[in-house]
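Below is query18.txt, holding compact mmCIF, C-alpha atoms (C1' of nucleotides).
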```
# COMPACT_ATOMS: atom_id res chain seq x y z
CA MET A 17 1.76 -7.24 -3.65
CA SER A 18 5.18 -8.46 -2.54
CA LEU A 19 5.38 -6.38 0.59
CA LYS A 20 2.87 -8.81 2.00
CA TYR A 21 5.27 -11.70 1.62
CA ALA A 22 8.24 -9.65 2.74
CA VAL A 23 6.41 -9.02 6.00
CA LEU A 24 5.45 -12.68 6.37
CA ALA A 25 9.05 -13.68 5.69
CA ALA A 26 10.28 -11.23 8.31
CA LEU A 27 7.94 -12.84 10.82
CA LEU A 28 9.60 -16.20 10.21
CA GLU A 29 12.24 -14.88 12.62
CA GLY A 30 9.55 -14.82 15.29
CA GLU A 31 6.98 -12.54 16.84
CA ALA A 32 7.50 -8.83 16.29
CA SER A 33 5.76 -5.50 16.64
CA GLY A 34 5.28 -3.04 13.82
CA TYR A 35 7.89 -0.85 15.32
CA GLU A 36 10.40 -3.68 15.53
CA LEU A 37 9.68 -4.67 11.95
CA SER A 38 10.28 -1.13 10.83
CA LYS A 39 13.76 -1.45 12.30
CA VAL A 40 14.35 -4.75 10.55
CA PHE A 41 13.19 -3.32 7.24
CA ASP A 42 15.54 -0.47 7.78
CA VAL A 43 18.64 -2.61 8.02
CA SER A 44 18.40 -6.23 6.94
CA LEU A 45 15.47 -6.44 4.56
CA ALA A 46 16.20 -2.94 3.34
CA ASN A 47 18.62 -4.82 1.17
CA PHE A 48 15.94 -6.27 -1.02
CA TRP A 49 12.56 -4.90 -0.07
CA PRO A 50 12.56 -1.43 1.44
CA ALA A 51 9.45 -0.26 3.26
CA THR A 52 8.60 2.70 5.44
CA PRO A 53 6.94 2.27 8.84
CA GLN A 54 3.64 3.50 7.42
CA GLN A 55 3.62 0.83 4.78
CA LEU A 56 4.30 -1.80 7.40
CA TYR A 57 1.53 -0.73 9.75
CA ARG A 58 -0.95 -0.74 6.91
CA GLU A 59 0.22 -4.11 5.69
CA LEU A 60 0.12 -5.65 9.18
CA GLU A 61 -3.47 -4.45 9.56
CA ARG A 62 -4.42 -6.11 6.30
CA LEU A 63 -2.59 -9.34 7.03
CA ALA A 64 -4.23 -9.60 10.44
CA GLN A 65 -7.65 -9.12 8.87
CA ASP A 66 -6.91 -11.80 6.31
CA GLY A 67 -5.91 -14.19 9.07
CA LEU A 68 -2.32 -14.62 7.89
CA ILE A 69 -0.94 -13.21 11.10
CA GLU A 70 -2.25 -12.89 14.63
CA ALA A 71 -1.87 -9.95 16.94
CA ARG A 72 -1.68 -9.87 20.68
CA VAL A 73 -1.45 -6.72 22.71
CA VAL A 74 1.28 -6.50 25.27
CA GLN A 75 0.66 -4.04 28.07
CA GLN A 76 3.78 -2.18 28.98
CA GLU A 77 4.59 -0.25 32.09
CA ARG A 78 6.62 2.75 31.16
CA ARG A 79 6.21 2.63 27.39
CA PRO A 80 3.27 2.66 25.00
CA ASN A 81 1.59 -0.72 24.62
CA LYS A 82 2.53 -2.70 21.60
CA ARG A 83 0.94 -5.29 19.35
CA LEU A 84 3.04 -8.32 18.66
CA PHE A 85 2.34 -10.21 15.47
CA THR A 86 2.89 -13.91 14.76
CA LEU A 87 2.48 -15.99 11.64
CA THR A 88 -0.57 -18.23 11.60
CA GLU A 89 -0.53 -21.63 9.95
CA THR A 90 -2.40 -20.14 7.01
CA GLY A 91 0.20 -17.40 6.75
CA ARG A 92 3.01 -19.88 6.80
CA ARG A 93 1.36 -21.93 4.05
CA GLU A 94 0.69 -18.90 1.85
CA LEU A 95 4.28 -17.81 2.25
CA SER A 96 5.61 -21.22 1.25
CA ALA A 97 3.32 -21.29 -1.76
CA PHE A 98 4.62 -17.87 -2.78
CA ALA A 99 8.22 -18.94 -2.27
CA ALA A 100 7.77 -21.92 -4.59
CA GLU A 101 6.44 -19.83 -7.50
CA PRO A 102 8.78 -18.26 -10.04
CA PRO A 103 9.00 -14.48 -9.57
CA ARG A 104 6.43 -12.43 -11.47
CA ARG A 105 8.71 -9.53 -12.08
CA PRO A 106 12.47 -9.26 -12.45
CA ALA A 107 14.58 -7.51 -9.84
CA ALA A 108 14.42 -3.74 -10.08
CA LEU A 109 17.20 -1.48 -9.01
CA ARG A 110 16.30 2.17 -8.46
CA ASP A 111 19.41 4.23 -8.07
CA GLU A 112 19.42 8.00 -8.20
CA PHE A 113 23.18 7.95 -8.12
CA LEU A 114 23.38 6.16 -11.46
CA ILE A 115 21.21 8.81 -13.08
CA LYS A 116 23.68 11.38 -11.85
CA ILE A 117 26.57 9.39 -13.26
CA GLN A 118 24.77 8.99 -16.56
CA ALA A 119 24.53 12.78 -16.71
CA MET A 120 27.93 13.52 -15.16
CA ASP A 121 29.52 14.92 -18.30
CA GLY A 122 27.95 18.32 -17.75
CA VAL A 123 29.45 18.57 -14.28
CA ASP A 124 32.77 19.48 -12.70
CA PRO A 125 34.79 16.22 -12.57
CA GLU A 126 35.90 17.04 -9.05
CA VAL A 127 32.27 17.06 -7.86
CA THR A 128 31.64 13.73 -9.54
CA ARG A 129 34.73 12.31 -7.92
CA ALA A 130 33.41 13.40 -4.53
CA LEU A 131 30.08 11.69 -5.24
CA PHE A 132 31.85 8.44 -6.06
CA GLU A 133 33.97 8.77 -2.96
CA GLU A 134 30.87 9.18 -0.84
CA ARG A 135 29.19 6.22 -2.43
CA LEU A 136 32.29 4.15 -1.93
CA SER A 137 32.55 4.81 1.77
CA TRP A 138 28.86 4.17 2.15
CA ALA A 139 29.20 0.80 0.41
CA ARG A 140 32.18 -0.07 2.59
CA GLY A 141 30.16 0.70 5.68
CA LYS A 142 27.30 -1.46 4.56
CA LEU A 143 29.65 -4.27 3.71
CA ALA A 144 31.23 -4.10 7.15
CA ARG A 145 27.80 -4.33 8.76
CA TYR A 146 26.91 -7.33 6.63
CA GLU A 147 30.13 -9.02 7.58
CA ARG A 148 29.33 -8.53 11.23
CA VAL A 149 25.91 -10.10 10.71
CA ARG A 150 27.64 -12.99 8.99
CA ASP A 151 29.97 -13.47 11.92
CA ARG A 152 26.97 -13.54 14.25
CA PHE A 153 25.39 -16.20 12.06
CA LEU A 154 28.50 -18.34 11.90
CA ASP A 155 29.31 -17.85 15.55
CA GLY A 156 32.83 -19.19 15.21
CA ARG A 157 31.90 -22.15 13.03
CA THR A 158 33.07 -22.66 9.45
CA GLU A 159 30.47 -22.00 6.78
CA GLU A 160 30.23 -25.71 6.13
CA ARG A 161 29.51 -26.55 9.75
CA TYR A 162 27.05 -23.70 10.01
CA LEU A 163 25.13 -24.86 6.96
CA ALA A 164 25.04 -28.39 8.28
CA GLU A 165 23.78 -27.43 11.71
CA VAL A 166 21.26 -24.70 11.07
CA ASP A 167 17.75 -25.34 9.77
CA ARG A 168 17.04 -22.09 7.91
CA ILE A 169 19.62 -21.30 5.29
CA GLY A 170 17.46 -18.79 3.38
CA PRO A 171 18.56 -15.79 5.45
CA TYR A 172 22.19 -16.79 5.02
CA LEU A 173 21.88 -16.98 1.24
CA THR A 174 20.23 -13.58 1.00
CA LEU A 175 22.95 -12.19 3.24
CA LEU A 176 25.56 -13.59 0.87
CA GLY A 177 23.65 -11.83 -1.89
CA GLY A 178 23.90 -8.54 -0.04
CA ILE A 179 27.60 -9.05 0.57
CA ALA A 180 28.17 -9.86 -3.08
CA LEU A 181 26.29 -6.74 -4.14
CA GLU A 182 28.22 -4.38 -1.90
CA THR A 183 31.57 -5.98 -2.65
CA GLU A 184 30.94 -5.38 -6.30
CA THR A 185 29.77 -1.82 -5.67
CA VAL A 186 33.07 -1.13 -3.92
CA ARG A 187 35.03 -2.54 -6.82
CA TRP A 188 33.00 -0.60 -9.34
CA CYS A 189 33.52 2.68 -7.48
CA GLU A 190 37.24 2.07 -7.26
CA ARG A 191 37.44 1.38 -10.94
CA ALA A 192 35.39 4.45 -11.80
CA LEU A 193 37.58 6.60 -9.58
CA ALA A 194 40.67 5.28 -11.31
CA ILE A 195 39.15 6.17 -14.67
CA LEU A 196 38.24 9.66 -13.49
CA LYS A 197 41.74 10.17 -12.17
CA ARG A 198 43.36 9.16 -15.44
CA ARG A 199 41.05 11.52 -17.24
CA ALA A 200 41.44 14.50 -14.94
CA PRO A 201 44.82 15.80 -16.20
CA LEU A 202 43.44 16.07 -19.74
CA SER A 203 40.72 18.57 -18.91
CA MET B 29 10.96 12.98 -8.50
CA SER B 30 13.92 11.19 -10.08
CA LEU B 31 12.05 9.91 -13.10
CA LYS B 32 12.18 13.48 -14.30
CA TYR B 33 15.97 13.46 -14.36
CA ALA B 34 16.14 9.96 -15.74
CA VAL B 35 14.14 11.17 -18.72
CA LEU B 36 16.29 14.27 -19.13
CA ALA B 37 19.41 12.11 -18.93
CA ALA B 38 18.02 9.79 -21.58
CA LEU B 39 17.50 12.78 -23.85
CA LEU B 40 21.21 13.60 -23.60
CA GLU B 41 21.59 10.90 -26.24
CA GLY B 42 19.57 13.11 -28.54
CA GLU B 43 16.03 13.74 -29.68
CA ALA B 44 13.60 10.93 -29.05
CA SER B 45 9.89 10.14 -29.06
CA GLY B 46 8.00 8.73 -26.11
CA TYR B 47 7.84 5.43 -27.84
CA GLU B 48 11.58 5.34 -28.44
CA LEU B 49 12.24 6.30 -24.84
CA SER B 50 10.01 3.49 -23.66
CA LYS B 51 12.31 1.12 -25.56
CA VAL B 52 15.39 2.66 -23.99
CA PHE B 53 13.88 2.42 -20.52
CA ASP B 54 13.12 -1.17 -21.23
CA VAL B 55 16.70 -2.17 -21.93
CA SER B 56 19.44 0.22 -20.97
CA LEU B 57 18.00 2.46 -18.28
CA ALA B 58 15.92 -0.44 -17.01
CA ASN B 59 19.13 -1.21 -15.23
CA PHE B 60 18.79 1.63 -12.79
CA TRP B 61 15.51 3.41 -13.28
CA PRO B 62 12.68 1.30 -14.62
CA ALA B 63 9.61 3.05 -16.01
CA THR B 64 6.55 1.97 -17.95
CA PRO B 65 5.51 3.73 -21.16
CA GLN B 66 2.63 5.40 -19.33
CA GLN B 67 4.93 6.93 -16.79
CA LEU B 68 7.11 8.26 -19.57
CA TYR B 69 4.29 9.87 -21.50
CA ARG B 70 3.02 11.54 -18.35
CA GLU B 71 6.49 12.76 -17.46
CA LEU B 72 7.23 14.04 -20.96
CA GLU B 73 4.01 16.04 -20.86
CA ARG B 74 5.03 17.62 -17.59
CA LEU B 75 8.59 18.34 -18.66
CA ALA B 76 7.38 19.99 -21.85
CA GLN B 77 5.01 22.19 -19.85
CA ASP B 78 7.82 23.17 -17.50
CA GLY B 79 9.98 24.09 -20.46
CA LEU B 80 12.70 21.56 -19.75
CA ILE B 81 12.14 19.82 -23.04
CA GLU B 82 10.70 20.86 -26.38
CA ALA B 83 8.44 18.85 -28.60
CA ARG B 84 8.11 18.91 -32.34
CA VAL B 85 5.63 16.85 -34.26
CA VAL B 86 6.93 14.80 -37.12
CA GLN B 87 4.37 13.89 -39.74
CA GLN B 88 4.85 10.39 -40.98
CA GLU B 89 3.58 8.74 -44.08
CA ARG B 90 2.66 5.21 -43.30
CA ARG B 91 2.92 5.37 -39.52
CA PRO B 92 1.26 7.38 -36.80
CA ASN B 93 2.78 10.81 -36.31
CA LYS B 94 5.21 11.16 -33.49
CA ARG B 95 6.39 13.88 -31.17
CA LEU B 96 10.12 14.18 -30.86
CA PHE B 97 11.47 15.70 -27.66
CA THR B 98 14.73 17.60 -27.19
CA LEU B 99 16.40 19.04 -24.12
CA THR B 100 16.16 22.80 -23.81
CA GLU B 101 18.99 24.81 -22.30
CA THR B 102 16.98 25.09 -19.10
CA GLY B 103 16.56 21.33 -19.05
CA ARG B 104 20.23 20.78 -19.56
CA ARG B 105 21.08 23.14 -16.73
CA GLU B 106 18.58 21.58 -14.33
CA LEU B 107 19.95 18.16 -15.13
CA SER B 108 23.52 19.25 -14.47
CA ALA B 109 22.49 20.85 -11.20
CA PHE B 110 20.81 17.60 -10.19
CA ALA B 111 23.84 15.56 -11.20
CA ALA B 112 26.11 17.65 -8.99
CA GLU B 113 24.00 17.14 -5.85
CA PRO B 114 24.58 14.19 -3.56
CA PRO B 115 21.75 11.62 -3.88
CA ARG B 116 18.78 12.18 -1.57
CA ARG B 117 18.05 8.55 -1.11
CA PRO B 118 20.27 5.49 -1.20
CA ALA B 119 19.92 2.93 -3.96
CA ALA B 120 16.95 0.65 -3.52
CA LEU B 121 16.84 -2.88 -4.78
CA ARG B 122 13.42 -4.48 -5.01
CA ASP B 123 13.72 -8.16 -5.62
CA GLU B 124 10.86 -10.58 -5.22
CA PHE B 125 13.26 -13.41 -5.75
CA LEU B 126 15.18 -12.59 -2.58
CA ILE B 127 11.97 -12.70 -0.54
CA LYS B 128 11.41 -16.18 -1.89
CA ILE B 129 14.92 -17.19 -0.96
CA GLN B 130 14.52 -15.72 2.51
CA ALA B 131 11.47 -17.98 2.93
CA MET B 132 12.85 -20.96 1.02
CA ASP B 133 13.15 -23.24 4.02
CA GLY B 134 9.49 -24.18 3.88
CA VAL B 135 9.83 -25.31 0.28
CA ASP B 136 11.03 -28.38 -1.64
CA PRO B 137 14.78 -27.82 -2.21
CA GLU B 138 14.43 -29.02 -5.77
CA VAL B 139 12.00 -26.20 -6.51
CA THR B 140 14.36 -23.66 -4.99
CA ARG B 141 17.20 -25.03 -7.06
CA ALA B 142 15.11 -24.55 -10.19
CA LEU B 143 14.41 -20.93 -9.19
CA PHE B 144 18.11 -20.26 -8.79
CA GLU B 145 18.83 -21.93 -12.10
CA GLU B 146 16.31 -19.70 -13.81
CA ARG B 147 17.71 -16.60 -12.21
CA LEU B 148 21.21 -17.65 -13.19
CA SER B 149 20.41 -18.05 -16.85
CA TRP B 150 18.52 -14.78 -16.82
CA ALA B 151 21.54 -12.98 -15.35
CA ARG B 152 23.82 -14.59 -17.93
CA GLY B 153 21.57 -13.36 -20.70
CA LYS B 154 21.58 -9.84 -19.36
CA LEU B 155 25.32 -9.91 -18.96
CA ALA B 156 25.77 -11.02 -22.55
CA ARG B 157 23.61 -8.15 -23.75
CA TYR B 158 25.60 -5.66 -21.70
CA GLU B 159 28.84 -7.01 -23.13
CA ARG B 160 27.51 -6.48 -26.62
CA VAL B 161 26.63 -2.89 -25.78
CA ARG B 162 30.14 -2.47 -24.44
CA ASP B 163 31.61 -3.80 -27.66
CA ARG B 164 29.51 -1.31 -29.61
CA PHE B 165 30.81 1.48 -27.39
CA LEU B 166 34.44 0.45 -27.72
CA ASP B 167 34.12 -0.29 -31.42
CA GLY B 168 37.40 -2.15 -31.57
CA ARG B 169 39.36 0.32 -29.47
CA THR B 170 40.89 -0.45 -26.10
CA GLU B 171 39.10 0.97 -23.11
CA GLU B 172 41.88 3.47 -22.64
CA ARG B 173 41.63 4.79 -26.16
CA TYR B 174 37.86 4.86 -25.98
CA LEU B 175 37.92 6.90 -22.78
CA ALA B 176 40.43 9.30 -24.26
CA GLU B 177 38.48 9.86 -27.47
CA VAL B 178 34.88 10.02 -26.37
CA ASP B 179 33.33 13.06 -24.69
CA ARG B 180 30.62 11.45 -22.58
CA ILE B 181 31.93 8.78 -20.25
CA GLY B 182 28.87 8.71 -17.94
CA PRO B 183 27.00 6.09 -19.98
CA TYR B 184 30.10 3.92 -20.05
CA LEU B 185 30.49 4.05 -16.29
CA THR B 186 26.87 3.13 -15.66
CA LEU B 187 27.26 0.30 -18.14
CA LEU B 188 30.26 -0.96 -16.19
CA GLY B 189 28.03 -0.80 -13.12
CA GLY B 190 25.44 -2.97 -14.80
CA ILE B 191 28.07 -5.45 -15.88
CA ALA B 192 29.50 -5.57 -12.36
CA LEU B 193 26.05 -6.20 -10.92
CA GLU B 194 25.18 -9.04 -13.25
CA THR B 195 28.61 -10.64 -12.99
CA GLU B 196 28.18 -10.74 -9.26
CA THR B 197 24.64 -12.10 -9.55
CA VAL B 198 25.97 -14.96 -11.64
CA ARG B 199 28.64 -15.72 -9.08
CA TRP B 200 26.19 -15.55 -6.22
CA CYS B 201 23.76 -17.94 -7.93
CA GLU B 202 26.54 -20.39 -8.63
CA ARG B 203 27.66 -20.31 -5.04
CA ALA B 204 24.11 -20.74 -3.75
CA LEU B 205 23.56 -23.66 -6.11
CA ALA B 206 26.74 -25.29 -4.82
CA ILE B 207 25.49 -24.88 -1.27
CA LEU B 208 22.10 -26.34 -2.13
CA LYS B 209 23.76 -29.29 -3.82
CA ARG B 210 25.95 -30.06 -0.84
CA ARG B 211 22.91 -29.88 1.36
CA ALA B 212 20.60 -31.97 -0.80
CA PRO B 213 21.86 -35.44 0.13
CA LEU B 214 21.22 -34.72 3.79
CA SER B 215 17.50 -34.21 3.43
C1' DT C 20 15.72 21.84 33.74
C1' DC C 21 15.49 21.74 28.92
C1' DT C 22 15.96 19.38 24.96
C1' DC C 23 16.67 15.60 22.25
C1' DC C 24 16.08 10.79 21.27
C1' DA C 25 13.65 6.22 21.58
C1' DT C 26 9.34 3.75 21.82
C1' DA C 27 4.94 2.81 19.50
C1' DG C 28 2.23 4.11 16.85
C1' DT C 29 -2.06 6.95 13.76
C1' DC C 30 -3.92 10.04 10.06
C1' DA C 31 -4.25 12.49 5.82
C1' DA C 32 -2.61 14.15 1.43
C1' DT C 33 0.00 13.68 -2.45
C1' DT C 34 2.93 11.57 -5.70
C1' DT C 35 4.31 7.46 -8.14
C1' DG C 36 3.72 3.35 -10.30
C1' DT C 37 0.83 -0.35 -12.47
C1' DT C 38 -2.80 -2.50 -15.34
C1' DG C 39 -5.78 -2.78 -18.91
C1' DA C 40 -8.15 -1.22 -22.66
C1' DG C 41 -8.69 1.53 -26.88
C1' DT C 42 -7.22 3.64 -31.55
C1' DA C 43 -5.40 3.03 -35.93
C1' DG C 44 -2.66 1.97 -39.83
C1' DG C 45 1.39 -1.12 -41.50
C1' DT C 46 4.29 -5.08 -42.00
C1' DG C 47 5.63 -9.83 -42.08
C1' DT C 48 4.55 -15.06 -41.87
C1' DG C 49 2.40 -19.10 -43.04
C1' DC D 22 -5.92 -13.94 -46.68
C1' DA D 23 -6.04 -14.27 -41.90
C1' DC D 24 -3.51 -13.27 -37.81
C1' DA D 25 -0.17 -11.64 -35.11
C1' DC D 26 2.99 -8.14 -34.15
C1' DC D 27 5.11 -3.31 -34.66
C1' DT D 28 4.71 1.71 -34.36
C1' DA D 29 2.89 5.52 -31.61
C1' DC D 30 0.41 6.84 -28.74
C1' DT D 31 -4.09 8.22 -25.13
C1' DC D 32 -7.32 7.51 -21.24
C1' DA D 33 -9.04 5.86 -16.99
C1' DA D 34 -8.83 3.45 -12.75
C1' DC D 35 -6.45 1.58 -9.21
C1' DA D 36 -2.68 0.23 -6.08
C1' DA D 37 1.47 1.32 -3.78
C1' DA D 38 4.77 4.43 -1.83
C1' DT D 39 6.19 8.77 0.20
C1' DT D 40 5.90 12.81 3.16
C1' DG D 41 4.75 15.33 6.96
C1' DA D 42 2.40 16.10 10.93
C1' DC D 43 0.49 14.54 15.31
C1' DT D 44 -0.07 11.90 20.01
C1' DA D 45 2.12 10.17 24.28
C1' DT D 46 5.56 8.80 27.63
C1' DG D 47 10.21 7.97 29.48
C1' DG D 48 15.10 8.28 29.82
C1' DA D 49 19.72 10.35 28.98
C1' DG D 50 22.78 13.94 28.55
C1' DA D 51 24.13 19.16 28.62
```

If you convert what's in this file into structure tokens, what do you get?
Amino acid sequence: MSLKYAVLAALLEGEASGYELSKVFDVSLANFWPATPQQLYRELERLAQDGLIEARVVQQERRPNKRLFTLTETGRRELSAFAAEPPRRPAALRDEFLIKIQAMDGVDPEVTRALFEERLSWARGKLARYERVRDRFLDGRTEERYLAEVDRIGPYLTLLGGIALETETVRWCERALAILKRRAPLS
Amino acid sequence: MSLKYAVLAALLEGEASGYELSKVFDVSLANFWPATPQQLYRELERLAQDGLIEARVVQQERRPNKRLFTLTETGRRELSAFAAEPPRRPAALRDEFLIKIQAMDGVDPEVTRALFEERLSWARGKLARYERVRDRFLDGRTEERYLAEVDRIGPYLTLLGGIALETETVRWCERALAILKRRAPLS
DNA sequence: TCTCCATAGTCAATTTGTTGAGTAGGTGTG
DNA sequence: CACACCTACTCAACAAATTGACTATGGAGA
């Protein structure tokens, strides 16, 4: 149900093909609404049929043709209506890693430490990418100036959310590693 | 695929019925692997058939009978094997709220502010509950003593993860609200 | 030249997840 | 004494998500 609006929201950035969207959902929106290419193609089909988006085919020379999708006025209105409603369901985190941690006490501590290490470097990488996106947004300006000049602040706020999340993940991993280290000599 | 291990991990706490598990998945594990009662009953059926858990029926006087499930040795081993593997898929956050924020710029700022306010108080509530769970874990001891005395630290680490997440959510909401406030007079 | 990767998708099958209703006795509140 | 809510599930139907394979072409690097 929400994928629909995630797609509409992604199209606020402008016209895009299914393929392009699948890239976007892989990096930026992956942060809060993951979707595979297949889901996107299906959803785009549906949205086009419902008149919330419009497709136009672009002939290409040395590549397969593509269909570019744009928001219609109806789509824009439906999206705004959705955005003004309180969420139906709370945020859901699905994290395999946490299941493993929950069950870690039957496992070699060294292996667990390695898992945390991996997660940590992954979070650091993601954080670095977010920070780069932020720099692109700001483009040399202070946050205050940026917020005053730009007309869409939504994407910036969600980006801050992503940064906050990964920052905290890094801290949590570090703390967990410290705890594991203190515990190691005892076993 | 992971629900299986989430259930097994939940049973590390000891024997439980489907109904009891559905409570657990509603509060504690809801943090990282949400599941509805129906999913749990289906999964328990499967796990019992695969010999990873064992059921025994408890006759009850003035309540419906219940089936209590316990981990078998096989189940325990499979869970440990799973916990030692690196995660197949990265953590996925699914948050309707963030879609709304991404698309907030077509919406009355006052409405958006109210959404953030709601989210903030929700996060504060969750945080408070986590802190209470932490106090129950520690039971008056310092963290250091607790970690030295207890044998399963996995649940404590995941709890710290939950606390970290909600703490950061609170901070993020506060920051976003400050930004919205600064911006309000301009519109 | 061979192979891999990127573009731009489609199709089908299967697994997960969600929703709603039904059963049935017990307990607590006004 | 009615009514709602708690325990403890089961069944059926549907919607959403995942996986893997398949089609085509072009460009880059070994």

Per residue of chain B within 9 Å of chain D, note the shortest atom pair and the distance in Å to one decimal, counting only C-alpha atoms (C1' of nucleotides), and order the rows by chain and increasing residue number, as CSV.
```
residue,atom,partner,partner_atom,distance
B:Ser45,CA,D:DA29,C1',8.8
B:Gly46,CA,D:DA29,C1',8.2
B:Tyr47,CA,D:DA29,C1',6.2
B:Tyr69,CA,D:DC30,C1',8.8
B:Arg91,CA,D:DT28,C1',6.6
B:Pro92,CA,D:DA29,C1',5.7
B:Asn93,CA,D:DA29,C1',7.1
B:Lys94,CA,D:DA29,C1',6.4
```

*Could you name the residues that touch Lys116 of chain A at 12 Å or less, counting all atoms listed in the file, but leaving out those on the same chain fewer than 5 positions away, as a PyMOL selection string?*
(chain A and resi 111+121-123+127-129+131-132) or (chain B and resi 30-38+60-61+106-116+182-183+185-186)

Within 9 Å of chain C, which residues of chain B show up? Give each one with its shortest atom-to-atom distance in Å (one decimal) and the two atoms involved, counting only C-alpha atoms (C1' of nucleotides), rows by chain then rising residue number, as a tab-separated table.
```
residue	atom	partner	partner_atom	distance
B:Met29	CA	C:DT34	C1'	8.6
B:Ala63	CA	C:DG36	C1'	8.2
B:Thr64	CA	C:DT37	C1'	8.3
B:Gln67	CA	C:DG36	C1'	7.5
B:Arg90	CA	C:DG45	C1'	6.7
B:Arg91	CA	C:DG44	C1'	6.5
B:Pro92	CA	C:DG44	C1'	7.3
```

*Rounded to one decimal place, report the atom CA of Glu177 of chain B-atom CA of Val55 of chain B distance in Å.*
25.5 Å

*Using all atoms listed in the file, which residue out of B:Leu72, B:Leu148, B:Leu96, B:Ala142 lies closest to chain A?*
B:Ala142

Please complete segment 188-193 of chain A so it has all heavy atoms, and hand it over as a PDB file, in the frame of the given file.
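Result file is out_35.pdb:
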```
ATOM      1  N   TRP A 188      33.417  -1.469  -8.237  1.00  0.00           N
ATOM      2  CA  TRP A 188      33.000  -0.600  -9.340  1.00  0.00           C
ATOM      3  C   TRP A 188      33.382   0.855  -9.066  1.00  0.00           C
ATOM      4  O   TRP A 188      33.930   1.543  -9.941  1.00  0.00           O
ATOM      5  CB  TRP A 188      31.487  -0.724  -9.550  1.00  0.00           C
ATOM      6  CG  TRP A 188      30.925   0.235 -10.541  1.00  0.00           C
ATOM      7  CD1 TRP A 188      31.179   0.275 -11.881  1.00  0.00           C
ATOM      8  CD2 TRP A 188      30.026   1.311 -10.266  1.00  0.00           C
ATOM      9  NE1 TRP A 188      30.489   1.309 -12.454  1.00  0.00           N
ATOM     10  CE2 TRP A 188      29.767   1.955 -11.488  1.00  0.00           C
ATOM     11  CE3 TRP A 188      29.398   1.776  -9.108  1.00  0.00           C
ATOM     12  CZ2 TRP A 188      28.909   3.051 -11.584  1.00  0.00           C
ATOM     13  CZ3 TRP A 188      28.557   2.857  -9.202  1.00  0.00           C
ATOM     14  CH2 TRP A 188      28.313   3.491 -10.424  1.00  0.00           C
ATOM     15  N   CYS A 189      33.148   1.308  -7.844  1.00  0.00           N
ATOM     16  CA  CYS A 189      33.520   2.680  -7.480  1.00  0.00           C
ATOM     17  C   CYS A 189      35.024   2.891  -7.625  1.00  0.00           C
ATOM     18  O   CYS A 189      35.465   3.925  -8.149  1.00  0.00           O
ATOM     19  CB  CYS A 189      33.108   2.994  -6.041  1.00  0.00           C
ATOM     20  SG  CYS A 189      31.348   3.242  -5.819  1.00  0.00           S
ATOM     21  N   GLU A 190      35.785   1.943  -7.181  1.00  0.00           N
ATOM     22  CA  GLU A 190      37.240   2.070  -7.260  1.00  0.00           C
ATOM     23  C   GLU A 190      37.684   2.189  -8.713  1.00  0.00           C
ATOM     24  O   GLU A 190      38.515   3.030  -9.070  1.00  0.00           O
ATOM     25  CB  GLU A 190      37.919   0.888  -6.567  1.00  0.00           C
ATOM     26  CG  GLU A 190      37.843   0.990  -5.040  1.00  0.00           C
ATOM     27  CD  GLU A 190      38.252  -0.291  -4.324  1.00  0.00           C
ATOM     28  OE1 GLU A 190      38.396  -1.338  -5.006  1.00  0.00           O
ATOM     29  OE2 GLU A 190      38.407  -0.242  -3.092  1.00  0.00           O
ATOM     30  N   ARG A 191      37.084   1.344  -9.527  1.00  0.00           N
ATOM     31  CA  ARG A 191      37.440   1.380 -10.940  1.00  0.00           C
ATOM     32  C   ARG A 191      37.049   2.705 -11.579  1.00  0.00           C
ATOM     33  O   ARG A 191      37.836   3.312 -12.327  1.00  0.00           O
ATOM     34  CB  ARG A 191      36.722   0.224 -11.661  1.00  0.00           C
ATOM     35  CG  ARG A 191      37.101   0.131 -13.101  1.00  0.00           C
ATOM     36  CD  ARG A 191      36.764  -1.219 -13.678  1.00  0.00           C
ATOM     37  NE  ARG A 191      37.030  -1.228 -15.111  1.00  0.00           N
ATOM     38  CZ  ARG A 191      36.509  -2.110 -15.943  1.00  0.00           C
ATOM     39  NH1 ARG A 191      35.722  -3.063 -15.476  1.00  0.00           N
ATOM     40  NH2 ARG A 191      36.788  -2.057 -17.222  1.00  0.00           N
ATOM     41  N   ALA A 192      35.850   3.175 -11.248  1.00  0.00           N
ATOM     42  CA  ALA A 192      35.390   4.450 -11.800  1.00  0.00           C
ATOM     43  C   ALA A 192      36.292   5.592 -11.346  1.00  0.00           C
ATOM     44  O   ALA A 192      36.644   6.469 -12.136  1.00  0.00           O
ATOM     45  CB  ALA A 192      33.945   4.708 -11.362  1.00  0.00           C
ATOM     46  N   LEU A 193      36.699   5.554 -10.089  1.00  0.00           N
ATOM     47  CA  LEU A 193      37.580   6.600  -9.580  1.00  0.00           C
ATOM     48  C   LEU A 193      38.927   6.587 -10.303  1.00  0.00           C
ATOM     49  O   LEU A 193      39.488   7.639 -10.619  1.00  0.00           O
ATOM     50  CB  LEU A 193      37.777   6.435  -8.069  1.00  0.00           C
ATOM     51  CG  LEU A 193      36.596   6.921  -7.215  1.00  0.00           C
ATOM     52  CD1 LEU A 193      36.728   6.466  -5.770  1.00  0.00           C
ATOM     53  CD2 LEU A 193      36.471   8.434  -7.293  1.00  0.00           C
TER      54      LEU A 193
END
```
